[in-house]
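Since the structure comes first, as structure tokens, the remarks are kept for the end.
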Amino acid sequence: MSIVRNLILSGVALAFGGGAALAGPLLPSSQKTYASACLEKVVSFERLIEICALGLGDAGASAQQRQKMRSILAWQYYFADENSKAQALFEEMLSDDHRSDEAILGLGWVAYDADDYAQASDLFSQALQLHPGAEAVAGLASSLWRSDRIGFEEASQRFQAAQAIDPEYRWALREEAWLNVEHGGTFDRAEILFQAALEIDPDDQYALYGLTYIYTELDRWEEALQAANRALEIDPSYLAVLSRRSLAYLFLDLPKLSLKDGQALIKAAPEDVGGYVRVARAMNALGQRQQALAVLANANAQLGYNAYLVHWLAKFYFFEKSYAKAEAQLNRIMAKEEGDYFDYKLLGRVYLGQKDYEQARSAFDRGMALTSDTSWLRYYRSRILIAEGHYNAAEAEFDTAVAEGLPVSKLDRFIAYLVGQRQYVQAIKMRVRYENMAD
């Protein structure tokens with residue numbers, strides 16, 4: 001039995017809110033058939049799915065018309081995140097016409113969404129040989145890049161080639177933008193590309209999310225809030241944007257609004273740890289750290305291990321100077337070999353708080369191997385050197401940290417550590433030196 005026949009018998013209308021759920025007749029006119037209404041796409045999204053399925057069940061359509069109806073229905077399922085149904089229809093199209101570039105392209109996107117980039121690459125290559133369209137070029141570029149089969153420069157060129165074919169193909173613009181974000185955090189180019197997508201369609205919520213992400217990473221909180229609010233006007237259910245807006249509210253000193261967004265995240269996706277972290281951080285800003293710890297501990301108990309959640313649980317223990325508890329949580333991450341730069345940075349600070357300088361140095365060194373921005377880790381290493389009595393080496397390390405981007409405002413704290421070790425002359429000279437540098 002064909003997939004179309006199965007769809008009709010399984011109640012497409014009920015599954016997608018069709019006929020019975022919508023007022024008025026299913027067909028927009030008595031002069032339309034299910035087949036003609038499907039082919040002309042003159043009805044709403046929900047009804048188009050049902051009508052095309054019914055149209056395929058009618059007799060009288062030509063082979064090409066049936067292929068077109070399959071295509072319309074398959075793409076509607078794809079955009080509704082019903083990829084298994086879309087795949088079945090694309091496969092039917094291919095069985096009737098093994099040179100159907102549209103069917104091959106559709107199967108490529110299904111494989112891409114399943115993170116099967118090797119399969120997606122093969123399919124996009126086949127589609128490209130049959131028809132050199134922008135989608136096949138961009139899909140192939142992204143698949144090859146995400147499977148580490150091409151580098152940054154080649155991927156950029158391929159995305160730009162797709163844009164040359166179709167200057168209004170926003171997916172290629174956005175994907176090149178994410179390429180720039182993920183390749184060393186080159187945000188300037190990414191911002192230009194997301195803005196270009198918005199010039200084509202001001203309601204592109206995915207481009208707005210991209211800008212929200214960039215602005216939060218760059219501490220441009222007002223701009224992040226504006227972009228997030230615009231994206232949520234378009235799609236109030238966009239949880240990734242909601243999460244970033246919660247973060248923006250937090251850094252704009254609006255913790256109650258941050259808490260509200262975090263609670264909405266938990267309600268919408270109780271299995272996702274992100275909402276619990278947002279709620280905990282807002283509670284902490286409201287002076288409710290004990291409640292924040294309880295939120296994270298309960299989420300950890302209910303949802304099980306998650307490195308992101310465990311990191312924040314450890315961080316709040318660190319804030320409370322409960323160093324042993326913080327260390328125990330971080331060691332859970334290390335035991336699974338999932339430690340990243342932030343984990344090693346925090347672990348080093350935990351050891352620093354315990355005055356275990358050997359372990360602290362080891363943690364900071366491991367963190368430095370995982371990032372190109374070592375400024376903060378060098379700062380913490382300079383504090384170890386002060387504690388060990390290596391004052392000139394500590395000053396040199398601090399200078400290197402500043403040269404790499406550490407805020408000069410940390411000089412006050414560094415000098416305080418020198419004074420704490422009675423290194424008064426060095427502290428005074430260092431202050432004068434930095435003041436002269438600023439002049």
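Labels for the structure tokens follow display order: chains A, B, ..., residues from 1 in each chain, ligands from 1.
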Enumerate the residues of segment 110-322 of chain A with a DSSP assignment of alpha helix (DSSP H), computed from the backbone, and present them as number ranges by chain.
A: 110-113, 117-130, 134-146, 152-165, 170-182, 187-200, 205-217, 221-234, 239-251, 255-268, 273-285, 289-303, 307-319
Segment 152-211 of chain A near segment 124-134 of chain A within 9 Å: what's each residue's closest atom pair and its distance in Å to one decimal, counting only C-alpha atoms, ordered by chain then ascending residue number, as a Markdown table?
| residue | atom | partner | partner_atom | distance |
| --- | --- | --- | --- | --- |
| A:Phe159 | CA | A:Ala134 | CA | 8.7 |
| A:Ala161 | CA | A:Ala134 | CA | 7.8 |
| A:Ala162 | CA | A:Ala134 | CA | 4.4 |
| A:Gln163 | CA | A:Ala134 | CA | 6.9 |
| A:Ala164 | CA | A:Ala134 | CA | 8.2 |
| A:Ile165 | CA | A:Ala134 | CA | 5.6 |
| A:Asp166 | CA | A:Ala134 | CA | 6.0 |
| A:Tyr169 | CA | A:Ala134 | CA | 7.4 |
| A:Ala172 | CA | A:Ala134 | CA | 8.2 |
Contacts of segment 420-432 of chain A at 9 Å (only C-alpha atoms; same-chain gap of 5+ positions) as number ranges by chain
A: 386-387, 389, 391-392, 395, 411-412, 414-415, 437
Take the residues from that selection and put them in a file with C-alpha atoms, as an mmCIF file, in the first residue's frame.
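In the end it all went to part-v7.cif:
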data_model
loop_
_atom_site.group_PDB
_atom_site.id
_atom_site.type_symbol
_atom_site.label_atom_id
_atom_site.label_comp_id
_atom_site.auth_asym_id
_atom_site.auth_seq_id
_atom_site.Cartn_x
_atom_site.Cartn_y
_atom_site.Cartn_z
ATOM 1 C CA ILE A 386 52.014 35.626 43.743
ATOM 2 C CA ALA A 387 50.952 33.018 46.301
ATOM 3 C CA GLY A 389 56.334 34.143 45.911
ATOM 4 C CA TYR A 391 56.384 38.163 42.024
ATOM 5 C CA ASN A 392 58.244 39.208 38.866
ATOM 6 C CA GLU A 395 53.732 40.587 36.921
ATOM 7 C CA LEU A 411 44.911 45.625 37.922
ATOM 8 C CA ASP A 412 43.315 46.821 41.162
ATOM 9 C CA PHE A 414 46.202 42.113 41.197
ATOM 10 C CA ILE A 415 47.891 44.938 43.104
ATOM 11 C CA MET A 437 50.684 53.490 29.603
#
Could you check how far atom CA of Glu327 of chain A sits from atom CA of Leu370 of chain A, in Å to one decimal?
19.8 Å
6 Å contact set for segment 202-213 of chain A, only C-alpha atoms, chain neighbours under 4 positions out, as a PyMOL selection string
chain A and resi 194+198+224+227-228+231+241
Save out the residues we just selected, N, CA, C and O atoms, as a short mmCIF file (atom, residue, chain, number, x, y, z; two decimals), in the first residue's frame.
data_model
loop_
_atom_site.label_atom_id
_atom_site.label_comp_id
_atom_site.auth_asym_id
_atom_site.auth_seq_id
_atom_site.Cartn_x
_atom_site.Cartn_y
_atom_site.Cartn_z
N PHE A 194 23.41 38.19 8.73
CA PHE A 194 22.08 38.12 9.33
C PHE A 194 21.25 39.36 8.96
O PHE A 194 20.05 39.26 8.69
N LEU A 198 17.63 39.81 6.84
CA LEU A 198 16.50 40.62 7.31
C LEU A 198 16.10 41.69 6.30
O LEU A 198 14.94 42.10 6.25
N ALA A 224 20.51 43.05 21.94
CA ALA A 224 20.05 41.66 22.05
C ALA A 224 18.59 41.62 22.44
O ALA A 224 17.80 40.83 21.89
N ALA A 227 16.37 42.61 19.41
CA ALA A 227 16.27 41.54 18.42
C ALA A 227 15.42 40.38 18.94
O ALA A 227 14.61 39.80 18.20
N ALA A 228 15.59 40.05 20.21
CA ALA A 228 14.83 38.95 20.80
C ALA A 228 13.34 39.28 20.85
O ALA A 228 12.49 38.44 20.51
N ALA A 231 11.89 38.89 17.38
CA ALA A 231 11.76 37.49 17.00
C ALA A 231 10.57 36.84 17.72
O ALA A 231 9.84 36.04 17.11
N VAL A 241 15.26 31.76 21.45
CA VAL A 241 15.23 33.22 21.61
C VAL A 241 14.81 33.58 23.03
O VAL A 241 15.37 34.48 23.65
#
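Of the residues listed (A:Ala363, A:Val419, A:Ile234, A:Leu107), A:Leu107 shows the shortest atom-to-atom separation from Met93 of chain A; distances use only C-alpha atoms.
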Work out how far atom CA of Gly353 of chain A is from atom CA of Met334 of chain A, in Å to one decimal.
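These two atoms are separated by 19.0 Å.
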Within 12 Å of segment 95-106 of chain A, counting only C-alpha atoms, which residues qualify if same-chain residues fewer than 5 places away don't, as a tab-separated table (two decimals) with all heavy atoms, in the first residue's frame?
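Result saved to around22.tsv:
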chain	number	residue	atom	x	y	z
A	2	SER	N	0.55	2.25	-0.82
A	2	SER	CA	1.38	3.45	-0.93
A	2	SER	C	1.29	4.30	0.31
A	2	SER	O	0.35	4.21	1.09
A	2	SER	CB	0.94	4.28	-2.14
A	2	SER	OG	-0.28	4.96	-1.85
A	63	ALA	N	0.68	11.46	-14.61
A	63	ALA	CA	1.87	11.07	-13.85
A	63	ALA	C	2.61	12.30	-13.34
A	63	ALA	O	3.07	12.34	-12.19
A	63	ALA	CB	2.78	10.20	-14.70
A	64	GLN	N	2.73	13.33	-14.19
A	64	GLN	CA	3.43	14.53	-13.78
A	64	GLN	C	2.66	15.30	-12.71
A	64	GLN	O	3.26	15.86	-11.79
A	64	GLN	CB	3.68	15.44	-14.99
A	64	GLN	CG	4.79	14.97	-15.90
A	64	GLN	CD	6.12	14.84	-15.15
A	64	GLN	OE1	6.53	15.75	-14.45
A	64	GLN	NE2	6.76	13.68	-15.29
A	66	ARG	N	0.67	13.93	-10.52
A	66	ARG	CA	0.82	13.16	-9.28
A	66	ARG	C	2.18	13.42	-8.65
A	66	ARG	O	2.30	13.53	-7.42
A	66	ARG	CB	0.63	11.67	-9.56
A	66	ARG	CG	-0.81	11.29	-9.93
A	66	ARG	CD	-0.94	9.80	-10.19
A	66	ARG	NE	-0.63	9.03	-8.99
A	66	ARG	CZ	-1.48	8.87	-7.97
A	66	ARG	NH1	-2.68	9.44	-8.00
A	66	ARG	NH2	-1.14	8.16	-6.92
A	67	GLN	N	3.21	13.53	-9.48
A	67	GLN	CA	4.53	13.85	-8.94
A	67	GLN	C	4.52	15.22	-8.27
A	67	GLN	O	5.11	15.41	-7.20
A	67	GLN	CB	5.59	13.84	-10.06
A	67	GLN	CG	6.10	12.48	-10.46
A	67	GLN	CD	7.01	11.84	-9.42
A	67	GLN	OE1	6.51	11.38	-8.39
A	67	GLN	NE2	8.30	11.80	-9.68
A	68	LYS	N	3.84	16.19	-8.91
A	68	LYS	CA	3.77	17.54	-8.35
A	68	LYS	C	3.03	17.52	-7.03
A	68	LYS	O	3.45	18.18	-6.05
A	68	LYS	CB	3.09	18.48	-9.34
A	68	LYS	CG	3.05	19.93	-8.88
A	68	LYS	CD	4.44	20.50	-8.73
A	68	LYS	CE	4.39	21.98	-8.36
A	68	LYS	NZ	5.74	22.55	-8.13
A	70	ARG	N	2.72	14.97	-4.97
A	70	ARG	CA	3.61	14.33	-3.99
A	70	ARG	C	4.64	15.33	-3.47
A	70	ARG	O	4.92	15.39	-2.28
A	70	ARG	CB	4.33	13.14	-4.62
A	70	ARG	CG	3.51	11.89	-4.82
A	70	ARG	CD	4.44	10.71	-5.09
A	70	ARG	NE	3.72	9.51	-5.49
A	70	ARG	CZ	3.62	9.07	-6.72
A	70	ARG	NH1	4.19	9.76	-7.71
A	70	ARG	NH2	2.96	7.97	-7.01
A	71	SER	N	5.19	16.10	-4.40
A	71	SER	CA	6.21	17.08	-4.02
A	71	SER	C	5.64	18.11	-3.05
A	71	SER	O	6.24	18.41	-2.01
A	71	SER	CB	6.76	17.77	-5.27
A	71	SER	OG	7.61	18.82	-4.92
A	72	ILE	N	4.48	18.67	-3.40
A	72	ILE	CA	3.86	19.67	-2.52
A	72	ILE	C	3.59	19.08	-1.15
A	72	ILE	O	3.90	19.69	-0.11
A	72	ILE	CB	2.56	20.19	-3.16
A	72	ILE	CG1	2.88	21.00	-4.43
A	72	ILE	CG2	1.77	21.05	-2.17
A	72	ILE	CD1	1.66	21.34	-5.27
A	73	LEU	N	3.04	17.88	-1.12
A	73	LEU	CA	2.70	17.25	0.16
A	73	LEU	C	3.97	16.91	0.95
A	73	LEU	O	4.04	17.13	2.16
A	73	LEU	CB	1.89	15.97	-0.10
A	73	LEU	CG	1.41	15.20	1.14
A	73	LEU	CD1	0.60	16.10	2.07
A	73	LEU	CD2	0.56	13.99	0.70
A	74	ALA	N	4.99	16.41	0.25
A	74	ALA	CA	6.24	16.06	0.93
A	74	ALA	C	6.87	17.28	1.59
A	74	ALA	O	7.31	17.23	2.75
A	74	ALA	CB	7.22	15.44	-0.06
A	75	TRP	N	6.90	18.40	0.86
A	75	TRP	CA	7.51	19.60	1.44
A	75	TRP	C	6.68	20.16	2.58
A	75	TRP	O	7.23	20.69	3.56
A	75	TRP	CB	7.73	20.66	0.36
A	75	TRP	CG	8.87	20.34	-0.56
A	75	TRP	CD1	8.80	20.03	-1.89
A	75	TRP	CD2	10.25	20.26	-0.21
A	75	TRP	NE1	10.04	19.76	-2.40
A	75	TRP	CE2	10.97	19.90	-1.39
A	75	TRP	CE3	10.96	20.45	0.97
A	75	TRP	CZ2	12.35	19.73	-1.39
A	75	TRP	CZ3	12.34	20.29	0.96
A	75	TRP	CH2	13.02	19.93	-0.20
A	76	GLN	N	5.34	20.02	2.47
A	76	GLN	CA	4.51	20.47	3.59
A	76	GLN	C	4.82	19.64	4.85
A	76	GLN	O	4.91	20.18	5.95
A	76	GLN	CB	3.03	20.37	3.24
A	76	GLN	CG	2.57	21.33	2.17
A	76	GLN	CD	2.87	22.78	2.50
A	76	GLN	OE1	2.54	23.25	3.58
A	76	GLN	NE2	3.50	23.49	1.58
A	77	TYR	N	4.99	18.35	4.68
A	77	TYR	CA	5.36	17.50	5.82
A	77	TYR	C	6.75	17.86	6.34
A	77	TYR	O	6.97	17.89	7.56
A	77	TYR	CB	5.32	16.02	5.42
A	77	TYR	CG	3.95	15.41	5.52
A	77	TYR	CD1	3.36	14.77	4.44
A	77	TYR	CD2	3.22	15.47	6.70
A	77	TYR	CE1	2.10	14.23	4.53
A	77	TYR	CE2	1.96	14.93	6.80
A	77	TYR	CZ	1.40	14.31	5.71
A	77	TYR	OH	0.15	13.77	5.80
A	78	TYR	N	7.65	18.13	5.43
A	78	TYR	CA	9.01	18.49	5.84
A	78	TYR	C	8.99	19.76	6.69
A	78	TYR	O	9.61	19.82	7.76
A	78	TYR	CB	9.90	18.68	4.61
A	78	TYR	CG	11.30	19.14	4.96
A	78	TYR	CD1	12.26	18.24	5.42
A	78	TYR	CD2	11.65	20.49	4.86
A	78	TYR	CE1	13.54	18.66	5.76
A	78	TYR	CE2	12.93	20.91	5.19
A	78	TYR	CZ	13.85	19.99	5.65
A	78	TYR	OH	15.11	20.42	6.00
A	79	PHE	N	8.27	20.78	6.24
A	79	PHE	CA	8.22	22.04	6.98
A	79	PHE	C	7.42	21.91	8.27
A	79	PHE	O	7.55	22.75	9.16
A	79	PHE	CB	7.65	23.15	6.09
A	79	PHE	CG	8.55	23.51	4.94
A	79	PHE	CD1	8.08	23.52	3.64
A	79	PHE	CD2	9.89	23.81	5.16
A	79	PHE	CE1	8.92	23.84	2.58
A	79	PHE	CE2	10.74	24.12	4.11
A	79	PHE	CZ	10.25	24.14	2.81
A	83	ASN	N	9.34	14.51	9.18
A	83	ASN	CA	10.34	14.11	8.19
A	83	ASN	C	10.19	12.68	7.70
A	83	ASN	O	10.53	12.38	6.55
A	83	ASN	CB	11.74	14.32	8.76
A	83	ASN	CG	12.16	15.78	8.74
A	83	ASN	OD1	11.33	16.66	8.52
A	83	ASN	ND2	13.43	16.04	8.95
A	84	SER	N	9.69	11.79	8.53
A	84	SER	CA	9.53	10.41	8.08
A	84	SER	C	8.47	10.32	6.98
A	84	SER	O	8.62	9.57	6.01
A	84	SER	CB	9.16	9.50	9.26
A	84	SER	OG	7.94	9.92	9.84
A	85	LYS	N	7.41	11.10	7.12
A	85	LYS	CA	6.37	11.12	6.08
A	85	LYS	C	6.89	11.80	4.81
A	85	LYS	O	6.60	11.36	3.69
A	85	LYS	CB	5.12	11.82	6.61
A	85	LYS	CG	4.44	11.07	7.75
A	85	LYS	CD	3.25	11.83	8.28
A	85	LYS	CE	2.56	11.06	9.42
A	85	LYS	NZ	1.42	11.81	10.00
A	86	ALA	N	7.65	12.88	5.00
A	86	ALA	CA	8.25	13.55	3.85
A	86	ALA	C	9.19	12.60	3.11
A	86	ALA	O	9.16	12.50	1.88
A	86	ALA	CB	8.99	14.79	4.30
A	87	GLN	N	10.00	11.88	3.86
A	87	GLN	CA	10.96	10.95	3.24
A	87	GLN	C	10.24	9.89	2.42
A	87	GLN	O	10.67	9.57	1.30
A	87	GLN	CB	11.80	10.30	4.33
A	87	GLN	CG	12.82	9.29	3.79
A	87	GLN	CD	13.70	8.71	4.87
A	87	GLN	OE1	13.68	9.16	6.01
A	87	GLN	NE2	14.47	7.69	4.53
A	88	ALA	N	9.16	9.35	2.96
A	88	ALA	CA	8.44	8.31	2.24
A	88	ALA	C	7.91	8.84	0.90
A	88	ALA	O	7.96	8.14	-0.12
A	88	ALA	CB	7.30	7.78	3.10
A	89	LEU	N	7.42	10.07	0.90
A	89	LEU	CA	6.91	10.64	-0.34
A	89	LEU	C	8.03	10.95	-1.32
A	89	LEU	O	7.90	10.73	-2.53
A	89	LEU	CB	6.11	11.91	-0.02
A	89	LEU	CG	4.70	11.65	0.53
A	89	LEU	CD1	4.15	12.88	1.21
A	89	LEU	CD2	3.77	11.21	-0.60
A	90	PHE	N	9.14	11.48	-0.82
A	90	PHE	CA	10.28	11.73	-1.72
A	90	PHE	C	10.76	10.42	-2.35
A	90	PHE	O	11.13	10.38	-3.53
A	90	PHE	CB	11.42	12.40	-0.95
A	90	PHE	CG	11.18	13.84	-0.61
A	90	PHE	CD1	11.41	14.33	0.68
A	90	PHE	CD2	10.75	14.74	-1.58
A	90	PHE	CE1	11.21	15.65	0.99
A	90	PHE	CE2	10.53	16.08	-1.28
A	90	PHE	CZ	10.76	16.53	0.02
A	111	ALA	N	18.14	13.87	5.37
A	111	ALA	CA	19.39	13.33	5.93
A	111	ALA	C	20.14	14.41	6.71
A	111	ALA	O	20.70	14.14	7.78
A	111	ALA	CB	20.27	12.77	4.82
A	112	TYR	N	20.14	15.62	6.19
A	112	TYR	CA	20.82	16.73	6.85
A	112	TYR	C	20.22	16.99	8.23
A	112	TYR	O	20.94	17.17	9.20
A	112	TYR	CB	20.71	17.98	5.98
A	112	TYR	CG	21.41	19.20	6.51
A	112	TYR	CD1	22.71	19.49	6.13
A	112	TYR	CD2	20.77	20.07	7.39
A	112	TYR	CE1	23.37	20.62	6.61
A	112	TYR	CE2	21.41	21.19	7.88
A	112	TYR	CZ	22.70	21.47	7.48
A	112	TYR	OH	23.35	22.58	7.97
A	113	ASP	N	18.90	17.00	8.31
A	113	ASP	CA	18.23	17.24	9.58
A	113	ASP	C	18.49	16.13	10.59
A	113	ASP	O	18.39	16.36	11.80
A	113	ASP	CB	16.71	17.39	9.37
A	113	ASP	CG	16.36	18.73	8.71
A	113	ASP	OD1	17.29	19.54	8.50
A	113	ASP	OD2	15.18	18.95	8.42
A	119	GLN	N	25.58	11.14	4.17
A	119	GLN	CA	24.48	10.82	3.26
A	119	GLN	C	23.94	12.08	2.59
A	119	GLN	O	23.67	12.10	1.38
A	119	GLN	CB	23.35	10.11	4.04
A	119	GLN	CG	22.10	9.81	3.23
A	119	GLN	CD	22.30	8.71	2.20
A	119	GLN	OE1	23.37	8.11	2.13
A	119	GLN	NE2	21.26	8.45	1.43
A	120	ALA	N	23.81	13.15	3.38
A	120	ALA	CA	23.31	14.41	2.81
A	120	ALA	C	24.25	14.91	1.71
A	120	ALA	O	23.78	15.36	0.66
A	120	ALA	CB	23.17	15.45	3.92
A	121	SER	N	25.55	14.81	1.94
A	121	SER	CA	26.52	15.26	0.93
A	121	SER	C	26.35	14.50	-0.38
A	121	SER	O	26.36	15.10	-1.47
A	121	SER	CB	27.95	15.06	1.45
A	121	SER	OG	28.19	15.84	2.60
A	122	ASP	N	26.18	13.19	-0.29
A	122	ASP	CA	26.00	12.37	-1.49
A	122	ASP	C	24.74	12.79	-2.24
A	122	ASP	O	24.75	12.92	-3.48
A	122	ASP	CB	25.93	10.89	-1.12
A	122	ASP	CG	27.26	10.34	-0.62
A	122	ASP	OD1	28.30	10.99	-0.88
A	122	ASP	OD2	27.26	9.28	0.03
A	123	LEU	N	23.67	13.00	-1.50
A	123	LEU	CA	22.40	13.35	-2.14
A	123	LEU	C	22.45	14.75	-2.74
A	123	LEU	O	21.97	14.96	-3.87
A	123	LEU	CB	21.26	13.25	-1.11
A	123	LEU	CG	20.91	11.81	-0.70
A	123	LEU	CD1	20.13	11.79	0.60
A	123	LEU	CD2	20.11	11.13	-1.82
A	124	PHE	N	23.02	15.71	-2.03
A	124	PHE	CA	23.13	17.06	-2.59
A	124	PHE	C	24.02	17.06	-3.83
A	124	PHE	O	23.76	17.80	-4.78
A	124	PHE	CB	23.67	18.03	-1.54
A	124	PHE	CG	22.68	18.38	-0.46
A	124	PHE	CD1	23.07	18.37	0.88
A	124	PHE	CD2	21.38	18.74	-0.77
A	124	PHE	CE1	22.17	18.69	1.88
A	124	PHE	CE2	20.47	19.07	0.23
A	124	PHE	CZ	20.87	19.04	1.55
A	125	SER	N	25.06	16.24	-3.83
A	125	SER	CA	25.92	16.13	-5.01
A	125	SER	C	25.14	15.60	-6.20
A	125	SER	O	25.29	16.10	-7.33
A	125	SER	CB	27.10	15.21	-4.72
A	125	SER	OG	27.97	15.78	-3.76
A	126	GLN	N	24.30	14.59	-5.96
A	126	GLN	CA	23.47	14.04	-7.04
A	126	GLN	C	22.50	15.09	-7.56
A	126	GLN	O	22.33	15.26	-8.77
A	126	GLN	CB	22.69	12.82	-6.54
A	126	GLN	CG	23.53	11.61	-6.19
A	126	GLN	CD	22.68	10.49	-5.62
A	126	GLN	OE1	21.59	10.20	-6.12
A	126	GLN	NE2	23.17	9.86	-4.56
A	127	ALA	N	21.87	15.82	-6.63
A	127	ALA	CA	20.92	16.86	-7.03
A	127	ALA	C	21.62	17.95	-7.82
A	127	ALA	O	21.08	18.47	-8.81
A	127	ALA	CB	20.23	17.45	-5.80
A	128	LEU	N	22.83	18.27	-7.43
A	128	LEU	CA	23.59	19.32	-8.10
A	128	LEU	C	23.95	18.94	-9.52
A	128	LEU	O	23.96	19.78	-10.43
A	128	LEU	CB	24.86	19.61	-7.29
A	128	LEU	CG	25.66	20.87	-7.62
A	128	LEU	CD1	24.77	22.10	-7.52
A	128	LEU	CD2	26.84	21.00	-6.67
A	129	GLN	N	24.24	17.65	-9.75
A	129	GLN	CA	24.56	17.18	-11.10
A	129	GLN	C	23.34	17.27	-12.02
A	129	GLN	O	23.47	17.52	-13.22
A	129	GLN	CB	25.06	15.75	-11.03
A	129	GLN	CG	26.43	15.61	-10.37
A	129	GLN	CD	26.82	14.17	-10.15
A	129	GLN	OE1	26.14	13.25	-10.62
A	129	GLN	NE2	27.92	13.95	-9.43
A	130	LEU	N	22.15	17.08	-11.43
A	130	LEU	CA	20.93	17.14	-12.23
A	130	LEU	C	20.45	18.56	-12.45
A	130	LEU	O	19.91	18.89	-13.51
A	130	LEU	CB	19.83	16.32	-11.54
A	130	LEU	CG	20.07	14.80	-11.49
A	130	LEU	CD1	19.10	14.14	-10.53
A	130	LEU	CD2	19.93	14.20	-12.89
A	131	HIS	N	20.64	19.41	-11.41
A	131	HIS	CA	20.18	20.80	-11.52
A	131	HIS	C	21.01	21.66	-10.57
A	131	HIS	O	20.90	21.53	-9.35
A	131	HIS	CB	18.69	20.91	-11.15
A	131	HIS	CG	18.19	22.32	-11.18
A	131	HIS	ND1	18.03	23.01	-12.34
A	131	HIS	CD2	17.82	23.17	-10.17
A	131	HIS	CE1	17.58	24.24	-12.07
A	131	HIS	NE2	17.45	24.35	-10.76
A	132	PRO	N	21.86	22.54	-11.10
A	132	PRO	CA	22.76	23.34	-10.26
A	132	PRO	C	22.04	24.50	-9.57
A	132	PRO	O	22.24	25.67	-9.90
A	132	PRO	CB	23.81	23.84	-11.25
A	132	PRO	CG	23.09	23.91	-12.55
A	132	PRO	CD	22.10	22.77	-12.53
A	133	GLY	N	21.18	24.16	-8.61
A	133	GLY	CA	20.42	25.17	-7.91
A	133	GLY	C	21.10	25.63	-6.63
A	133	GLY	O	22.01	24.98	-6.10
A	134	ALA	N	20.63	26.75	-6.09
A	134	ALA	CA	21.23	27.34	-4.90
A	134	ALA	C	21.10	26.42	-3.69
A	134	ALA	O	22.02	26.32	-2.86
A	134	ALA	CB	20.56	28.69	-4.60
A	135	GLU	N	19.96	25.73	-3.56
A	135	GLU	CA	19.76	24.85	-2.41
A	135	GLU	C	20.76	23.71	-2.40
A	135	GLU	O	21.32	23.37	-1.34
A	135	GLU	CB	18.33	24.28	-2.41
A	135	GLU	CG	17.30	25.23	-1.85
A	135	GLU	CD	16.02	24.49	-1.52
A	135	GLU	OE1	16.06	23.54	-0.71
A	135	GLU	OE2	14.97	24.87	-2.08
A	136	ALA	N	20.98	23.10	-3.55
A	136	ALA	CA	21.93	21.99	-3.62
A	136	ALA	C	23.35	22.46	-3.32
A	136	ALA	O	24.10	21.79	-2.61
A	136	ALA	CB	21.86	21.33	-4.99
A	137	VAL	N	23.72	23.63	-3.83
A	137	VAL	CA	25.05	24.17	-3.59
A	137	VAL	C	25.26	24.45	-2.10
A	137	VAL	O	26.26	24.06	-1.50
A	137	VAL	CB	25.29	25.46	-4.40
A	137	VAL	CG1	26.60	26.12	-4.01
A	137	VAL	CG2	25.28	25.15	-5.90
A	138	ALA	N	24.28	25.13	-1.48
A	138	ALA	CA	24.41	25.49	-0.06
A	138	ALA	C	24.31	24.26	0.83
A	138	ALA	O	25.05	24.14	1.82
A	138	ALA	CB	23.33	26.50	0.31
A	139	GLY	N	23.40	23.35	0.49
A	139	GLY	CA	23.26	22.14	1.29
A	139	GLY	C	24.52	21.30	1.26
A	139	GLY	O	24.95	20.77	2.29
A	140	LEU	N	25.13	21.20	0.09
A	140	LEU	CA	26.38	20.44	-0.03
A	140	LEU	C	27.49	21.14	0.75
A	140	LEU	O	28.26	20.48	1.47
A	140	LEU	CB	26.77	20.31	-1.50
A	140	LEU	CG	28.07	19.55	-1.78
A	140	LEU	CD1	28.03	18.14	-1.21
A	140	LEU	CD2	28.36	19.52	-3.28
Please indicate the distance in Å from atom CA of His390 of chain A to atom CA of Glu358 of chain A, rounded to one decimal place.
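So the answer is 14.2 Å.
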Which one is closest to Ser143 of chain A: A:Asn229, A:Thr374, A:Gly108, A:Ala326? Count only C-alpha atoms.
A:Gly108
Could you pull the residues within 8 Å of Ser258 of chain A, counting only C-alpha atoms, minus those fewer than 5 positions along the same chain, as a PyMOL selection string?
chain A and resi 245-250+278-279+282
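For the residues A:Ser375, A:Gln226, A:Gln263, A:Asn298, ranking by smallest atom-to-atom distance to Ser243 of chain A using only C-alpha atoms places A:Gln263 first.
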Can you pull out every residue within 9 Å of Asn180 of chain A, counting only C-alpha atoms, but drop anything in the same chain fewer than 6 positions away, and send it as a list in words?
Phe152, Ser156, Thr186, Phe187, Asp188, Arg189 and Ala190 of chain A
With C-alpha atoms kept, could you save the residues just selected as a PDB file, in the first residue's frame?
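Saved as part.pdb:
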ATOM      1  CA  PHE A 152      36.300  27.574   6.379  1.00  0.00           C
ATOM      2  CA  SER A 156      32.467  30.392   2.548  1.00  0.00           C
ATOM      3  CA  THR A 186      34.125  36.244  13.637  1.00  0.00           C
ATOM      4  CA  PHE A 187      30.986  38.138  14.565  1.00  0.00           C
ATOM      5  CA  ASP A 188      31.337  41.196  12.295  1.00  0.00           C
ATOM      6  CA  ARG A 189      30.814  39.226   9.083  1.00  0.00           C
ATOM      7  CA  ALA A 190      28.056  37.141  10.714  1.00  0.00           C
TER       8      ALA A 190
END
For Tyr308 of chain A, which residue out of A:Val273, A:Ala80, A:Val350, A:Ala155 is the nearest one, using only C-alpha atoms?
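Closest residue, counting only C-alpha atoms: A:Val273.
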Identify which of the residues A:Tyr323, A:Tyr117, A:Phe342, A:Tyr379 lies closest to Asp399 of chain A, counting only C-alpha atoms when measuring atom-to-atom distances.
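Counting only C-alpha atoms, the residue closest to Asp399 of chain A is A:Tyr379.
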